[in-house]
Protein chains: 2
Amino acid sequence: MIVVMDTRERLIESTRELLWERGYVGTSPKAIQQRSGAGQGSMYHHFDGKPALALAAIGRSAGALKAAAEVEFARPGTVVERVTGYLRRERDAVKGCPVGRLTQDPDVMADPRLRRPVQDVFAWLTDRLAGLLAEGRANGELDIGLDPAATAAALVAVVQGGYVLARSAGSPGIYAQAIDGALGLLAGHVRYPPHPDPGAQHPDDPHQ
Amino acid sequence: MIVVMDTRERLIESTRELLWERGYVGTSPKAIQQRSGAGQGSMYHHFDGKPALALAAIGRSAGALKAAAEVEFARPGTVVERVTGYLRRERDAVKGCPVGRLTQDPDVMADPRLRRPVQDVFAWLTDRLAGLLAEGRANGELDIGLDPAATAAALVAVVQGGYVLARSAGSPGIYAQAIDGALGLLAGHVRYPPHPDPGAQHPDDPHQ
DNA sequence: GTCTATATCCAGATAGAC
DNA sequence: GTCTATCTGGATATAGAC
């Protein structure tokens with residue numbers, strides 16, 4: 001299947017890539033034009049300027065992050081399996097997180113409109129994960145003493161910090177190690193089996 | 001005590017602050033001159049150019065990070081107490097990590113000389129922490145099943161990722177929560193008491 | 001919608017006087 | 001050591017023709 005992108009679409013995708021690779025401060029209109037193949041006039045026809053283009057690109061990256069996480073969270077399986085799926089999801093660790101890296105961009109953080117999608121997606125992510133952990137605590141899978149909100153924040157932080165370590169090392173090994181460490185720590189709070197939940201399909205217990 | 005810095009010193013410190021606040025790409029020679037109070041000619045007399053100035057500033061930030069961590073690691077007390085001290089050390093979470101933020105700077109990562117101190121300090125930090133955790137495992141304080149290297153990577157990642165979350169939220173609460181979560185997870189692997197170590201002074205057991 | 005021309009300002013220096 | 005002058009190029013647009 002060949003997907004032909006129109007100019008507007010190519011501008012947004014090129015901006016997304018450049019924000020990921022070089023950040024907002026490090027991305028120039030000229031670089032966006034060259035990568036997208038659009039001319040000067042064409043770019044300013046479709047978008048007011050660099051901030052408007054960045055807003056479209058950032059919104060899209062935040063949406064993609066949310067969707068990719070939700071895929072893992074919504075899988076069948078125990079809470080621990082789904083959390084593990086999220087943490088072990090394939091990522092290009094050395095490339096870093098397209099949303100997380102924006103928190104280091106002073107001009108993004110200074111502009112409320114650019115900052116909003118970044119703030120919102122991390123708030124959503126930690127809340128969603130906290131809900132999942134609370135579910136695991138309620139069904140007996142996880143220790144009653146485990147704080148869902150704090151644990152969720154820690155797990156999201158391990159992913160974001162894992163990117164930092166992988167970039168500093170220039171290789172993804174330390175990212176995988178950090179995830180392993182987090183799962184090893186979590187394992188100390190897992191109790192089997194979870195209580196059966198009539199509303200859920202469990203792969204090991206498919207009511208056959 | 002009044003400390004008078006000479007021009008060279010003010011240039012390095014100003015660069016350090018600007019790299020922290022705005023990154024390498026976002027920091028211009030002019031901004032450095034204005035903050036340091038040095039003129040154009042003065043700056044280029046003391047340093048070859050922006051990369052040379054950044055190298056001095058980054059080396060200093062990396063050294064400061066290492067020294068601050070070592071203060072916590074070298075305190076008296078159990079391994080868990082010292083790891084807790086490191087994690088709970090006062091940090092301006094919203095400002096972020098002066099070294100970690102450089103991993104998002106494409107021009108820093110692309111220059112081996114600028115990148116080296118960043119890479120080295122994170123490698124040192126995870127190794128140092130892994131050694132401490134191995135010590136805790138050996139003296140019976142920590143579960144035998146705990147992987148020191150992976151756990152160390154996870155804990156360093158929680159700190160770095162906590163900064164990302166705090167910056168995204170614009171407030172330090174989520175950073176503290178992530179640290180709490182990590183310590184809560186670690187608590188599931190702590191066994192008391194540690195074996196007595198004749199070479200160490202323990203505050204709860206001071207051989208009085 | 002896309003193109004080219006033009007404009008202003010800043011980045012990042014170099015040169016030489018003092 | 002510090003100052004001012006000067007330079008090349010890129011960032012970030014705006015204007016108007018096609």
# chains A, B, ... in the order shown; residues from 1 in each chain; ligands from 1
>>> interface_residues(of="chain B", to="chain D", cutoff="9 Å", atoms="only C-alpha atoms (C1' of nucleotides)", output="ChimeraX atom specification")
/B:38-42,45-46
>>> write_last_selection(atoms="N, CA, C and O atoms", output="PDB file, in the first residue's frame")
ATOM      1  N   ALA B  38      31.010  39.741  30.640  1.00  0.00           N
ATOM      2  CA  ALA B  38      32.245  39.809  29.848  1.00  0.00           C
ATOM      3  C   ALA B  38      31.926  40.288  28.432  1.00  0.00           C
ATOM      4  O   ALA B  38      30.846  40.021  27.912  1.00  0.00           O
ATOM      5  N   GLY B  39      32.841  40.946  27.831  1.00  0.00           N
ATOM      6  CA  GLY B  39      32.652  41.403  26.459  1.00  0.00           C
ATOM      7  C   GLY B  39      33.019  40.318  25.461  1.00  0.00           C
ATOM      8  O   GLY B  39      33.571  39.272  25.822  1.00  0.00           O
ATOM      9  N   GLN B  40      32.689  40.617  24.209  1.00  0.00           N
ATOM     10  CA  GLN B  40      32.975  39.703  23.104  1.00  0.00           C
ATOM     11  C   GLN B  40      34.444  39.271  23.096  1.00  0.00           C
ATOM     12  O   GLN B  40      34.765  38.091  23.164  1.00  0.00           O
ATOM     13  N   GLY B  41      35.305  40.284  23.036  1.00  0.00           N
ATOM     14  CA  GLY B  41      36.735  39.992  22.933  1.00  0.00           C
ATOM     15  C   GLY B  41      37.248  39.220  24.126  1.00  0.00           C
ATOM     16  O   GLY B  41      38.108  38.334  24.000  1.00  0.00           O
ATOM     17  N   SER B  42      36.691  39.566  25.287  1.00  0.00           N
ATOM     18  CA  SER B  42      37.118  38.897  26.507  1.00  0.00           C
ATOM     19  C   SER B  42      36.788  37.406  26.475  1.00  0.00           C
ATOM     20  O   SER B  42      37.598  36.552  26.830  1.00  0.00           O
ATOM     21  N   HIS B  45      39.007  35.651  24.172  1.00  0.00           N
ATOM     22  CA  HIS B  45      40.376  35.570  24.688  1.00  0.00           C
ATOM     23  C   HIS B  45      40.534  34.343  25.589  1.00  0.00           C
ATOM     24  O   HIS B  45      41.533  33.615  25.501  1.00  0.00           O
ATOM     25  N   HIS B  46      39.526  34.100  26.438  1.00  0.00           N
ATOM     26  CA  HIS B  46      39.633  33.003  27.408  1.00  0.00           C
ATOM     27  C   HIS B  46      39.276  31.637  26.815  1.00  0.00           C
ATOM     28  O   HIS B  46      39.778  30.619  27.271  1.00  0.00           O
TER      29      HIS B  46
END
>>> residues_around(residues="Phe73 of chain B", least_positions_apart="4", cutoff="7 Å", atoms="only C-alpha atoms (C1' of nucleotides)", output="PyMOL selection string")
chain B and resi 69+82-83+86
>>> write_last_selection(atoms="C-alpha atoms", output="mmCIF file, in the first residue's frame")
data_model
loop_
_atom_site.group_PDB
_atom_site.id
_atom_site.type_symbol
_atom_site.label_atom_id
_atom_site.label_comp_id
_atom_site.auth_asym_id
_atom_site.auth_seq_id
_atom_site.Cartn_x
_atom_site.Cartn_y
_atom_site.Cartn_z
ATOM 1 C CA ALA B 69 26.021 11.761 44.985
ATOM 2 C CA ARG B 82 22.269 5.641 52.094
ATOM 3 C CA VAL B 83 20.302 4.798 48.938
ATOM 4 C CA TYR B 86 20.600 9.692 47.652
#
>>> interface_residues(of="chain C", to="chain A", cutoff="12 Å", atoms="only C-alpha atoms (C1' of nucleotides)", output="count of residues only")
5
>>> interface_residues(of="chain A", to="chain B", cutoff="8 Å", atoms="only C-alpha atoms", output="ChimeraX atom specification")
/A:21-23,25-26,100-101,103-106,109,115,118-119,122-123,146-147,149-162,164-165,167-169,174-175,177-182,184-186,188-189
>>> closest_residue(among="A:Leu65, A:Ile32, A:Val80, A:Ala54", to="Asn139 of chain A", atoms="only C-alpha atoms")
A:Val80
>>> select_by_dssp(residues="segment 2-208 of chain A", states="alpha helix (DSSP H)", output="NGL selection string")
:A and (7-22 or 29-36 or 40-46 or 50-73 or 79-88 or 106-110 or 112-138 or 148-169 or 173-187)
>>> atom_distance(atom1="atom CA of Arg91 of chain A", atom2="atom CA of Arg75 of chain A")
18.1 Å
